[in-house]
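**Q** So that we are looking at the same thing, I have put the structure below in structure tokens.
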Amino acid sequence: MMTDRIADMLTRIRNAQTAGLERVEFPASKTLESIAEILKSEGYITVAKSYNHKGRRYLRLALRYDEGKPIIRDIQRVSKPGRRVYVGAGELPRVKGGYGIAIVSTSHGVMTDKKARSEHIGGELLCMVF
């Protein structure tokens, strides 16, 4: 049984980019689909597709590269099952001076730090991407 699906997703993305793979697949959940849609809308990946195979949902991501180098330089899990990290609207971090994004789970859904800051809401800081 997997206890931290988000950390598994981030590790699979990190490993696939290190290996130079075009795509990565893993078991899907609604939270992972939301994170994938944010990565797609921010331009870190090109395709995020959910599909069913033998009664289970999977998520397939197509990774982006620029001249052979991955677009995602680093992707880190912040809040973990053993230590949750919650931030208020005024405490949301600016990742790499605004060049990266933080993904936050709020009462209004999963969103980027910029959107949460504009809506003046805080939540659980899931991960940071730059």
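Ordered as shown in the structure tokens, chains take letters A, B, and onward, while each chain numbers its residues from 1 and ligands are numbered from 1 in the order shown.
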Which residues in chain A does DSSP call alpha helix (DSSP H)? List them as a CSV table (one decimal) with C-alpha atoms, in the first residue's frame.

**A**
```
chain,number,residue,atom,x,y,z
A,5,ARG,CA,0.9,9.3,-3.5
A,6,ILE,CA,2.1,12.8,-4.1
A,7,ALA,CA,5.7,12.0,-3.2
A,8,ASP,CA,5.5,8.9,-5.4
A,9,MET,CA,4.3,11.1,-8.3
A,10,LEU,CA,7.0,13.7,-7.8
A,11,THR,CA,9.7,11.0,-7.6
A,12,ARG,CA,8.5,9.3,-10.8
A,13,ILE,CA,8.6,12.7,-12.6
A,14,ARG,CA,12.1,13.4,-11.2
A,15,ASN,CA,13.4,9.9,-12.2
A,16,ALA,CA,11.8,10.0,-15.6
A,17,GLN,CA,13.4,13.3,-16.4
A,18,THR,CA,16.8,12.2,-15.2
A,19,ALA,CA,16.5,9.2,-17.5
A,30,LYS,CA,-8.2,13.4,-7.9
A,31,THR,CA,-5.5,15.3,-6.1
A,32,LEU,CA,-2.8,14.0,-8.5
A,33,GLU,CA,-5.0,14.9,-11.5
A,34,SER,CA,-5.3,18.4,-10.1
A,35,ILE,CA,-1.6,18.8,-9.6
A,36,ALA,CA,-1.0,17.5,-13.1
A,37,GLU,CA,-3.4,20.0,-14.6
A,38,ILE,CA,-1.6,22.8,-12.7
A,39,LEU,CA,1.8,21.6,-14.1
A,40,LYS,CA,0.2,21.5,-17.6
A,41,SER,CA,-1.3,25.0,-17.3
A,113,ASP,CA,0.6,30.0,-4.8
A,114,LYS,CA,-0.1,33.0,-7.1
A,115,LYS,CA,-3.8,32.2,-7.4
A,116,ALA,CA,-4.1,31.5,-3.6
A,117,ARG,CA,-2.4,34.8,-2.9
A,118,SER,CA,-4.8,36.7,-5.2
A,119,GLU,CA,-7.8,35.0,-3.6
```

**Q** Among chain A, which residues does DSSP mark as strand (DSSP E) when it is run on the backbone? Keep the chain and numbering as in the structure and answer as a compact mmCIF listing (two decimals) with N, CA and C atoms, in the first residue's frame.

**A**
```
# COMPACT_ATOMS: atom_id res chain seq x y z
N ARG A 23 7.61 10.30 -21.35
CA ARG A 23 6.39 10.28 -20.57
C ARG A 23 6.57 9.43 -19.31
N VAL A 24 5.63 9.61 -18.39
CA VAL A 24 5.64 8.87 -17.13
C VAL A 24 4.20 8.51 -16.78
N GLU A 25 4.01 7.34 -16.19
CA GLU A 25 2.68 6.87 -15.81
C GLU A 25 2.68 6.43 -14.35
N PHE A 26 1.53 6.61 -13.69
CA PHE A 26 1.39 6.19 -12.29
C PHE A 26 -0.09 6.13 -11.95
N PRO A 27 -0.45 5.44 -10.85
CA PRO A 27 -1.85 5.37 -10.43
C PRO A 27 -2.41 6.77 -10.15
N ILE A 45 4.64 20.54 -18.17
CA ILE A 45 4.41 19.31 -18.94
C ILE A 45 3.51 19.66 -20.10
N THR A 46 3.45 18.77 -21.11
CA THR A 46 2.62 19.06 -22.28
C THR A 46 1.25 18.39 -22.23
N VAL A 47 1.19 17.14 -21.75
CA VAL A 47 -0.07 16.40 -21.74
C VAL A 47 -0.26 15.74 -20.38
N ALA A 48 -1.47 15.82 -19.87
CA ALA A 48 -1.86 15.10 -18.65
C ALA A 48 -3.15 14.36 -18.99
N LYS A 49 -3.06 13.03 -19.10
CA LYS A 49 -4.22 12.24 -19.53
C LYS A 49 -4.51 11.15 -18.51
N SER A 50 -5.76 11.04 -18.12
CA SER A 50 -6.20 9.99 -17.20
C SER A 50 -6.90 8.91 -18.02
N TYR A 51 -6.64 7.65 -17.68
CA TYR A 51 -7.28 6.54 -18.39
C TYR A 51 -7.48 5.37 -17.44
N ASN A 52 -8.38 4.47 -17.83
CA ASN A 52 -8.67 3.26 -17.06
C ASN A 52 -8.02 2.07 -17.71
N HIS A 53 -7.44 1.20 -16.89
CA HIS A 53 -6.85 -0.04 -17.38
C HIS A 53 -7.13 -1.13 -16.36
N ARG A 56 -8.64 0.06 -13.02
CA ARG A 56 -7.90 1.04 -12.22
C ARG A 56 -7.60 2.28 -13.05
N ARG A 57 -7.59 3.44 -12.38
CA ARG A 57 -7.28 4.70 -13.06
C ARG A 57 -5.79 4.96 -13.02
N TYR A 58 -5.26 5.41 -14.15
CA TYR A 58 -3.86 5.79 -14.26
C TYR A 58 -3.77 7.18 -14.86
N LEU A 59 -2.65 7.81 -14.62
CA LEU A 59 -2.39 9.15 -15.13
C LEU A 59 -1.11 9.10 -15.94
N ARG A 60 -1.15 9.62 -17.16
CA ARG A 60 0.03 9.65 -18.03
C ARG A 60 0.40 11.11 -18.30
N LEU A 61 1.65 11.45 -18.05
CA LEU A 61 2.16 12.80 -18.29
C LEU A 61 3.21 12.78 -19.38
N ALA A 62 3.15 13.74 -20.28
CA ALA A 62 4.20 13.91 -21.28
C ALA A 62 5.10 15.04 -20.80
N LEU A 63 6.37 14.73 -20.59
CA LEU A 63 7.32 15.68 -20.01
C LEU A 63 7.88 16.62 -21.08
N TYR A 65 11.02 19.16 -22.49
CA TYR A 65 12.46 19.38 -22.46
C TYR A 65 12.77 20.59 -23.32
N ASP A 66 13.83 21.30 -23.00
CA ASP A 66 14.31 22.43 -23.79
C ASP A 66 15.76 22.15 -24.15
N LYS A 69 17.35 19.48 -22.07
CA LYS A 69 17.33 19.68 -20.61
C LYS A 69 15.89 19.75 -20.14
N PRO A 70 15.58 19.12 -19.01
CA PRO A 70 14.19 19.13 -18.52
C PRO A 70 13.75 20.54 -18.13
N ILE A 75 11.76 19.55 -8.24
CA ILE A 75 10.39 19.41 -7.75
C ILE A 75 10.48 18.77 -6.37
N GLN A 76 9.98 19.46 -5.34
CA GLN A 76 10.17 19.02 -3.96
C GLN A 76 8.83 18.91 -3.24
N ARG A 77 8.70 17.89 -2.44
CA ARG A 77 7.53 17.70 -1.58
C ARG A 77 7.77 18.51 -0.32
N TYR A 86 1.14 23.87 6.89
CA TYR A 86 0.03 24.76 6.53
C TYR A 86 0.54 26.19 6.55
N VAL A 87 0.08 26.97 5.57
CA VAL A 87 0.48 28.38 5.49
C VAL A 87 -0.75 29.24 5.32
N ILE A 101 6.78 27.73 -8.91
CA ILE A 101 5.45 27.75 -8.32
C ILE A 101 5.41 26.85 -7.09
N ALA A 102 4.52 27.20 -6.19
CA ALA A 102 4.19 26.34 -5.06
C ALA A 102 2.76 25.88 -5.29
N ILE A 103 2.49 24.61 -5.04
CA ILE A 103 1.14 24.08 -5.22
C ILE A 103 0.52 23.91 -3.83
N VAL A 104 -0.65 24.50 -3.66
CA VAL A 104 -1.31 24.57 -2.36
C VAL A 104 -2.68 23.92 -2.44
N SER A 105 -3.01 23.10 -1.44
CA SER A 105 -4.34 22.53 -1.32
C SER A 105 -5.15 23.42 -0.39
N THR A 106 -6.17 24.05 -0.93
CA THR A 106 -6.98 24.99 -0.15
C THR A 106 -8.41 24.48 -0.02
N GLY A 109 -9.94 24.12 -3.43
CA GLY A 109 -9.30 23.20 -4.36
C GLY A 109 -7.79 23.38 -4.40
N VAL A 110 -7.15 22.60 -5.25
CA VAL A 110 -5.69 22.67 -5.41
C VAL A 110 -5.38 23.78 -6.40
N MET A 111 -4.44 24.67 -6.03
CA MET A 111 -4.09 25.81 -6.88
C MET A 111 -2.65 26.24 -6.66
N THR A 112 -2.19 27.15 -7.50
CA THR A 112 -0.83 27.68 -7.36
C THR A 112 -0.79 28.72 -6.25
N GLY A 123 -3.52 27.37 2.94
CA GLY A 123 -3.85 25.96 2.94
C GLY A 123 -2.61 25.12 3.17
N GLU A 124 -2.68 23.86 2.77
CA GLU A 124 -1.56 22.95 2.93
C GLU A 124 -0.61 23.10 1.76
N LEU A 125 0.65 23.37 2.03
CA LEU A 125 1.68 23.54 1.01
C LEU A 125 2.15 22.17 0.55
N LEU A 126 1.68 21.71 -0.61
CA LEU A 126 1.96 20.36 -1.08
C LEU A 126 3.38 20.22 -1.64
N CYS A 127 3.75 21.06 -2.61
CA CYS A 127 5.06 20.93 -3.23
C CYS A 127 5.49 22.23 -3.88
N MET A 128 6.77 22.28 -4.26
CA MET A 128 7.32 23.44 -4.97
C MET A 128 8.01 22.93 -6.24
N VAL A 129 7.81 23.67 -7.33
CA VAL A 129 8.37 23.30 -8.63
C VAL A 129 9.12 24.51 -9.18
```

**Q** How many Å lie between atom CA of Ile121 of chain A and atom CA of Pro81 of chain A, rounded to one decimal?

**A**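 Here the two named atoms are 21.8 Å from each other.
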
**Q** By how many Å are atom CA of Gly122 of chain A and atom CA of Met2 of chain A apart?

**A** 27.0 Å

**Q** What is the atom CA of Leu21 of chain A-atom CA of Gly43 of chain A distance in Å, reported with one decimal?

**A** 17.3 Å
